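See below for query11.cif, which holds mmCIF, C-alpha atoms.
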data_my_file
loop_
_atom_site.label_atom_id
_atom_site.label_comp_id
_atom_site.auth_asym_id
_atom_site.auth_seq_id
_atom_site.Cartn_x
_atom_site.Cartn_y
_atom_site.Cartn_z
CA PRO A 297 331.68 -5.42 322.26
CA TYR A 298 334.32 -4.61 324.85
CA MET A 299 334.21 -5.09 328.60
CA ALA A 300 336.25 -3.94 331.56
CA SER A 301 336.83 -5.50 334.97
CA LYS A 302 337.56 -3.82 338.25
CA VAL A 303 341.13 -3.54 339.48
CA THR A 304 342.79 -2.38 342.66
CA PHE A 305 345.73 -0.04 342.25
CA GLY A 306 348.76 0.03 344.51
CA PRO A 307 352.02 2.02 344.67
CA GLY A 308 353.49 -0.06 341.83
CA GLY A 309 350.45 0.01 339.56
CA VAL A 310 347.75 -2.66 339.33
CA LYS A 311 347.74 -4.62 342.57
CA GLU A 312 344.84 -6.96 341.86
CA ALA A 313 342.55 -7.68 338.91
CA HIS A 314 339.13 -8.72 340.19
CA SER A 315 336.87 -11.24 338.52
CA ILE A 316 334.11 -10.02 336.24
CA GLY A 317 331.50 -11.21 338.68
CA VAL A 318 327.97 -12.40 338.06
CA MET A 319 326.64 -11.59 334.59
CA ASN A 320 323.10 -11.66 333.30
CA SER A 321 322.20 -13.45 330.06
CA TYR A 322 322.72 -10.34 327.92
CA GLU A 323 326.15 -9.68 329.44
CA GLN A 324 327.15 -13.32 328.95
CA THR A 325 326.22 -13.11 325.27
CA ARG A 326 328.22 -9.92 324.80
CA PHE A 327 331.14 -11.44 326.68
CA GLN A 328 331.28 -14.39 324.29
CA GLU A 329 331.12 -11.99 321.32
CA CYS A 330 334.00 -10.04 322.83
CA LYS A 331 336.16 -13.15 323.22
CA LYS A 332 335.38 -14.31 319.69
CA GLN A 333 336.29 -10.95 318.16
CA LEU A 334 339.44 -10.64 320.25
CA LYS A 335 340.59 -14.11 319.13
CA GLU A 336 339.97 -13.19 315.47
CA GLU A 337 342.05 -10.04 315.84
CA ILE A 338 344.90 -11.86 317.57
CA ASP A 339 344.92 -14.62 314.94
CA ALA A 340 344.86 -12.06 312.12
CA GLY A 341 347.77 -10.17 313.66
CA ILE A 342 349.85 -13.32 314.09
CA ALA A 343 349.07 -14.46 310.54
CA TYR A 344 350.12 -11.08 309.15
CA ALA A 345 353.32 -11.01 311.21
CA LYS A 346 354.33 -14.40 309.84
CA THR A 347 354.30 -13.02 306.29
CA THR A 348 356.61 -10.09 307.04
CA GLN A 349 360.15 -9.55 308.26
CA LEU A 350 358.65 -9.09 311.71
CA ALA A 351 357.69 -12.78 311.77
CA CYS A 352 357.97 -14.59 315.08
CA LYS A 353 361.23 -16.52 315.32
CA ARG A 354 361.51 -20.11 316.43
CA ARG A 355 362.06 -20.88 320.07
CA GLY A 356 365.63 -20.37 321.14
CA TRP A 357 366.13 -17.26 318.99
CA ASN A 358 367.60 -14.35 320.90
CA ARG A 359 366.89 -10.76 320.05
CA PRO A 360 370.06 -8.90 318.98
CA ALA A 361 371.51 -6.59 321.56
CA ALA A 362 370.26 -3.04 321.37
CA PRO A 363 372.74 -0.47 320.02
CA PRO A 364 374.42 1.76 322.59
CA ALA A 365 372.43 4.80 323.59
CA ARG A 366 373.35 8.06 321.93
CA PRO A 367 374.94 10.63 324.21
CA SER A 368 372.60 13.41 325.17
CA ALA A 369 373.07 16.80 323.56
CA PRO A 370 375.08 19.38 325.51
CA PRO A 371 373.01 21.99 327.36
CA ASN A 372 371.72 24.94 325.34
CA VAL A 373 372.55 23.24 322.05
CA ARG A 374 369.68 23.04 319.55
CA LEU A 375 369.80 19.98 317.34
CA SER A 376 368.82 20.95 313.80
CA PRO A 377 369.25 19.74 310.22
CA ASP A 378 372.47 20.50 308.41
CA SER A 379 372.74 23.79 306.56
CA THR A 380 372.19 22.23 303.13
CA SER A 381 368.70 20.94 303.96
CA ARG A 382 367.51 23.42 306.58
CA GLY A 383 364.46 25.17 305.18
CA ASN A 384 364.47 23.05 302.04
CA PHE A 385 362.71 19.84 303.00
CA LYS A 386 360.66 17.83 300.54
CA VAL A 387 357.53 16.31 302.07
CA CYS A 388 354.98 13.91 300.64
CA VAL A 389 351.50 13.33 302.07
CA CYS A 390 350.13 9.98 300.83
CA GLY A 391 346.37 10.12 301.17
CA GLY A 392 346.59 13.89 300.93
CA ALA A 393 343.09 14.29 299.48
CA GLY A 394 341.36 12.71 302.48
CA GLY A 395 339.80 14.24 305.55
CA ILE A 396 343.07 14.10 307.50
CA GLY A 397 345.37 14.48 304.50
CA GLN A 398 344.00 17.83 303.35
CA PRO A 399 344.62 19.83 306.57
CA LEU A 400 347.88 17.96 307.10
CA SER A 401 349.03 19.00 303.63
CA MET A 402 348.10 22.60 304.37
CA LEU A 403 350.08 22.55 307.61
CA MET A 404 353.11 21.18 305.80
CA ALA A 405 352.86 23.86 303.11
CA GLN A 406 352.77 26.54 305.80
CA ASN A 407 355.89 25.22 307.52
CA PRO A 408 358.84 27.50 306.72
CA HIS A 409 361.20 24.52 306.52
CA VAL A 410 359.23 22.83 303.72
CA SER A 411 360.13 23.97 300.21
CA GLU A 412 358.39 21.21 298.23
CA LEU A 413 355.17 19.35 298.97
CA CYS A 414 353.73 16.38 297.07
CA VAL A 415 350.06 15.52 297.58
CA PHE A 416 349.35 11.93 296.55
CA ASP A 417 346.07 10.03 296.48
CA LEU A 418 344.10 7.60 294.35
CA THR A 419 342.01 8.72 291.37
CA LEU A 420 338.91 7.35 293.09
CA ALA A 421 339.24 9.84 295.97
CA MET A 422 336.21 12.11 296.37
CA VAL A 423 338.50 15.14 296.03
CA PRO A 424 341.26 14.94 293.41
CA ALA A 425 344.82 15.28 294.67
CA ALA A 426 345.53 17.82 291.94
CA GLY A 427 342.67 19.98 293.23
CA VAL A 428 344.00 19.89 296.79
CA ALA A 429 347.47 20.81 295.52
CA ALA A 430 346.04 23.68 293.45
CA ASP A 431 344.17 25.11 296.45
CA ILE A 432 347.18 24.87 298.75
CA SER A 433 349.45 26.45 296.15
CA HIS A 434 347.52 29.71 296.60
CA LEU A 435 349.04 30.13 300.05
CA GLU A 436 351.55 32.96 300.08
CA LYS A 437 354.38 30.64 301.07
CA LYS A 438 357.60 29.57 299.38
CA CYS A 439 356.50 25.92 299.24
CA LYS A 440 355.92 24.46 295.77
CA VAL A 441 352.96 22.07 295.72
CA LYS A 442 352.18 19.35 293.19
CA GLY A 443 349.51 16.66 293.09
CA TYR A 444 349.94 13.03 292.07
CA ALA A 445 347.29 10.35 291.52
CA LEU A 446 347.30 6.64 290.73
CA ASP A 447 344.53 4.22 289.82
CA LYS A 448 343.73 1.69 292.54
CA ASP A 449 345.41 -1.12 290.60
CA ASP A 450 348.64 0.83 290.00
CA LYS A 451 351.66 -0.10 292.11
CA PRO A 452 353.33 2.83 293.91
CA VAL A 453 356.71 1.09 293.71
CA GLU A 454 356.47 1.35 289.92
CA LYS A 455 354.91 4.80 289.43
CA LEU A 456 355.75 7.16 292.30
CA GLU A 457 359.39 7.86 291.60
CA GLU A 458 358.91 11.55 290.75
CA CYS A 459 356.64 12.01 293.74
CA LEU A 460 358.84 10.33 296.35
CA LYS A 461 362.38 10.81 295.08
CA GLY A 462 364.34 13.11 297.39
CA CYS A 463 361.67 13.20 300.12
CA HIS A 464 362.85 13.87 303.65
CA LEU A 465 359.46 13.15 305.25
CA VAL A 466 356.57 10.96 304.08
CA LEU A 467 353.30 11.15 305.98
CA VAL A 468 350.69 8.47 305.30
CA PRO A 469 347.16 9.32 306.50
CA ALA A 470 345.82 6.69 304.11
CA GLY A 471 343.57 3.67 304.21
CA MET A 472 339.93 2.74 304.28
CA PRO A 473 337.77 3.72 307.27
CA ARG A 474 336.09 1.01 309.31
CA LYS A 475 332.60 0.31 307.97
CA PRO A 476 329.58 -1.07 309.85
CA GLY A 477 329.91 -4.80 310.39
CA MET A 478 333.64 -4.78 309.70
CA THR A 479 335.96 -6.21 312.34
CA ARG A 480 339.37 -4.78 313.07
CA ALA A 481 340.80 -7.94 311.51
CA ASP A 482 338.98 -7.11 308.25
CA LEU A 483 340.29 -3.55 308.40
CA LEU A 484 343.82 -4.79 309.06
CA GLY A 485 343.66 -7.00 305.98
CA VAL A 486 342.93 -3.99 303.75
CA ASN A 487 344.90 -1.16 305.31
CA ALA A 488 348.06 -3.15 306.09
CA GLY A 489 348.32 -3.85 302.36
CA ILE A 490 347.94 -0.15 301.54
CA ALA A 491 350.65 0.78 304.02
CA LYS A 492 352.91 -1.99 302.73
CA ASN A 493 352.67 -0.73 299.12
CA ILE A 494 353.63 2.80 300.12
CA VAL A 495 356.46 1.68 302.39
CA GLU A 496 357.92 -0.45 299.58
CA ALA A 497 357.88 2.57 297.26
CA CYS A 498 359.59 4.70 299.92
CA ALA A 499 362.27 2.06 300.42
CA LYS A 500 363.02 2.26 296.70
CA PHE A 501 362.75 5.99 295.98
CA CYS A 502 363.49 7.74 299.31
CA PRO A 503 365.19 5.22 301.63
CA ASP A 504 366.48 7.92 303.98
CA ALA A 505 363.10 9.55 304.55
CA VAL A 506 361.27 9.56 307.87
CA LEU A 507 357.89 7.83 307.59
CA GLY A 508 354.82 8.62 309.66
CA LEU A 509 352.03 6.04 309.32
CA ILE A 510 348.51 7.11 310.29
CA VAL A 511 346.74 3.99 309.03
CA ASN A 512 344.00 2.42 311.15
CA PRO A 513 344.61 0.03 312.85
CA VAL A 514 348.37 -0.17 312.20
CA ASN A 515 349.44 3.43 312.85
#

Show this structure as structure tokens.
Amino acid sequence: PYMASKVTFGPGGVKEAHSIGVMNSYEQTRFQECKKQLKEEIDAGIAYAKTTQLACKRRGWNRPAAPPARPSAPPNVRLSPDSTSRGNFKVCVCGGAGGIGQPLSMLMAQNPHVSELCVFDLTLAMVPAAGVAADISHLEKKCKVKGYALDKDDKPVEKLEECLKGCHLVLVPAGMPRKPGMTRADLLGVNAGIAKNIVEACAKFCPDAVLGLIVNPVN
């Protein structure tokens, strides 16, 4: 249940936000539902932030100064990886057996700069990660593809060393989809934990890798 109110735009953006106006009984009910759900989501986000390194600091804390901006590249200069890694990247797709993970894994395998691809998912996935890896390996590309799977109770930080070690890029289209009756706060409680487990494993086995999180609602 979401609502919108009218606004007036000016040269600098929103000039005036108008009141919602007169609502009928149905609209009033939906409005209260909207406020209740929004409060739950805000409270859940604050509670989660307090348990992480992104926790809100006490009043009086000042954010550290931002590092100096990098100088822009000279004209006509193409920034690229160094010669030792160019065309030899190792990529891992966590959640690679899912609806987004499968085509994403195929795209990575087709990239000429990717020489090794790891497809990771849970054993309870409808399509096994090893099967996805086997299908993709039939592409006439140089990329070597291997599948990895863990049980839902296994901890990635303990069992994904071979999969993640040496990765340059880790893509994470993982997590549970939102089900009927589930609030975004409920979804956050599940999927934030999934993302956290994978990020912890990356910090241990491939700390220099670039991570791309596609995890609803924390992507």

Report as a ChimeraX atom specification the full result of the PyMOL selection byres ((chain A and resi 407-422) around 8) when it is applied to this structure. /A:382-394,401,403-406,423-426,428-429,437-448,459-460

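Nearest residue to His464 of chain A, choosing from A:Ala488, A:Cys502, A:Ile396, A:Leu509 and counting all atoms listed in the file: A:Cys502.
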
Please, what distance in Å, to one decimal, runs between atom CA of Gln324 of chain A and atom CA of Leu484 of chain A? 27.3 Å

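Taking atom CA of Glu312 of chain A and atom CA of Arg326 of chain A as the two end points, the separation is 24.0 Å.
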
Which residue gives the smallest distance to Val506 of chain A among A:Leu467, A:Met319, A:Gly397, A:Cys330, with all atoms listed in the file counted? A:Leu467

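The closest residue to Ala340 of chain A, picked from A:Pro399, A:Gly462, A:Gly485, A:Pro469 and counting only C-alpha atoms, is A:Gly485.
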
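Here atom CA of Ile490 of chain A is placed at a distance of 20.2 Å from atom CA of Pro476 of chain A.
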
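The residue that comes closest to Pro513 of chain A, out of A:Gly341, A:Val453, A:Gly427, A:Cys498 and on the basis of only C-alpha atoms, is A:Gly341.
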
May I have the residues at most 10 Å from (361.6, 1.5, 296.4) in the file's coordinates, counting all atoms listed in the file, as an mmCIF file with C-alpha atoms, keeping the file's coordinate frame?
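Below you can see out.cif, which holds the result:
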data_model
loop_
_atom_site.group_PDB
_atom_site.id
_atom_site.type_symbol
_atom_site.label_atom_id
_atom_site.label_comp_id
_atom_site.auth_asym_id
_atom_site.auth_seq_id
_atom_site.Cartn_x
_atom_site.Cartn_y
_atom_site.Cartn_z
ATOM 1 C CA PRO A 452 353.330 2.830 293.910
ATOM 2 C CA VAL A 453 356.710 1.090 293.710
ATOM 3 C CA GLU A 454 356.470 1.350 289.920
ATOM 4 C CA LEU A 456 355.750 7.160 292.300
ATOM 5 C CA GLU A 457 359.390 7.860 291.600
ATOM 6 C CA LEU A 460 358.840 10.330 296.350
ATOM 7 C CA LYS A 461 362.380 10.810 295.080
ATOM 8 C CA ASN A 493 352.670 -0.730 299.120
ATOM 9 C CA ILE A 494 353.630 2.800 300.120
ATOM 10 C CA VAL A 495 356.460 1.680 302.390
ATOM 11 C CA GLU A 496 357.920 -0.450 299.580
ATOM 12 C CA ALA A 497 357.880 2.570 297.260
ATOM 13 C CA CYS A 498 359.590 4.700 299.920
ATOM 14 C CA ALA A 499 362.270 2.060 300.420
ATOM 15 C CA LYS A 500 363.020 2.260 296.700
ATOM 16 C CA PHE A 501 362.750 5.990 295.980
ATOM 17 C CA CYS A 502 363.490 7.740 299.310
ATOM 18 C CA PRO A 503 365.190 5.220 301.630
#
